[in-house]
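S.K.: Below is a structure I'd like to ask you about.
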Amino acid sequence: MATERRVLTIQLLPEQAALIEKVARLRSGQLDPQRPVDLAAYIYNVLNKDVAACISEIQARRRS
């Protein structure tokens with residue numbers, strides 16, 4: 001069974017985009033400004049971690 005894909009479009013101000021790129025570089029250890037950083041992969045990982053944390057919090061509340 002194939003997983004349905006959704007497209008997420010994020011519009012950022014130039015200073016917001018620059019800040020996210022800097023953070024992604026720091027977190028990934030890719031400090032060379034000449035090499036492009038994969039922002040899609042970075043944002044995907046951040047979202048996955050946040051969703052996992054929310055699921056854990058919901059499960060913990062249900063056990064209480």
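Letters A, B, ... mark the chains of the structure tokens in the order given; residue numbers begin at 1 per chain; ligand numbers begin at 1, in order shown.
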With a distance cut-off of 9 Å and only C-alpha atoms, select the neighbouring residues of Arg25 of chain A, excluding the residue or stretch itself and same-chain residues fewer than 6 positions from it, and output the selection as a CSV table (one decimal) with all heavy atoms, in the first residue's frame.
M.R.:
```csv
chain,number,residue,atom,x,y,z
A,31,LEU,N,29.2,23.2,8.1
A,31,LEU,CA,29.5,24.6,8.3
A,31,LEU,C,30.1,25.3,7.0
A,31,LEU,O,30.3,26.5,7.0
A,31,LEU,CB,30.5,24.8,9.5
A,31,LEU,CG,30.0,24.2,10.8
A,31,LEU,CD1,31.0,24.4,11.9
A,31,LEU,CD2,28.7,24.8,11.2
A,32,ASP,N,30.4,24.5,6.0
A,32,ASP,CA,30.9,25.1,4.7
A,32,ASP,C,29.8,25.9,4.0
A,32,ASP,O,28.8,25.2,3.5
A,32,ASP,CB,31.5,24.0,3.9
A,32,ASP,CG,32.0,24.5,2.6
A,32,ASP,OD1,32.1,25.8,2.4
A,32,ASP,OD2,32.5,23.7,1.7
A,33,PRO,N,29.8,27.2,3.9
A,33,PRO,CA,28.8,28.0,3.3
A,33,PRO,C,28.7,27.7,1.8
A,33,PRO,O,27.7,28.1,1.1
A,33,PRO,CB,29.1,29.4,3.6
A,33,PRO,CG,30.5,29.4,3.9
A,33,PRO,CD,30.9,28.1,4.5
A,37,VAL,N,22.9,23.3,2.0
A,37,VAL,CA,22.3,22.4,3.1
A,37,VAL,C,20.9,22.0,2.7
A,37,VAL,O,20.2,22.7,2.1
A,37,VAL,CB,22.3,23.2,4.5
A,37,VAL,CG1,21.4,24.4,4.4
A,37,VAL,CG2,22.0,22.4,5.6
A,38,ASP,N,20.5,20.8,3.1
A,38,ASP,CA,19.2,20.2,2.7
A,38,ASP,C,18.2,20.7,3.7
A,38,ASP,O,18.0,20.0,4.7
A,38,ASP,CB,19.3,18.7,2.6
A,38,ASP,CG,18.1,18.1,2.1
A,38,ASP,OD1,17.1,18.8,1.8
A,38,ASP,OD2,18.1,16.9,1.8
```
S.K.: Using DSSP on the backbone, list every residue of chain A that comes out as alpha helix (DSSP H), and give them as JSON, numbers by chain.
M.R.: {"A": [14, 15, 16, 17, 18, 19, 20, 21, 22, 23, 24, 25, 26, 27, 28, 39, 40, 41, 42, 43, 44, 45, 46, 47, 48, 49, 50, 51, 52, 53, 54, 55, 56, 57, 58, 59, 60, 61, 62, 63]}
S.K.: How many Å separate atom CA of Ala40 of chain A from atom CA of Ala17 of chain A?
M.R.: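 Between atom CA of Ala40 of chain A and atom CA of Ala17 of chain A the gap works out to 12.1 Å.
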S.K.: Expressed in Å to a single decimal, how great is the separation between atom CA of Arg62 of chain A and atom CA of Asn48 of chain A?
M.R.: 21.2 Å
S.K.: Figure out the distance between atom CA of Ile55 of chain A and atom CA of Ala24 of chain A, please, to one decimal in Å.
M.R.: 24.1 Å
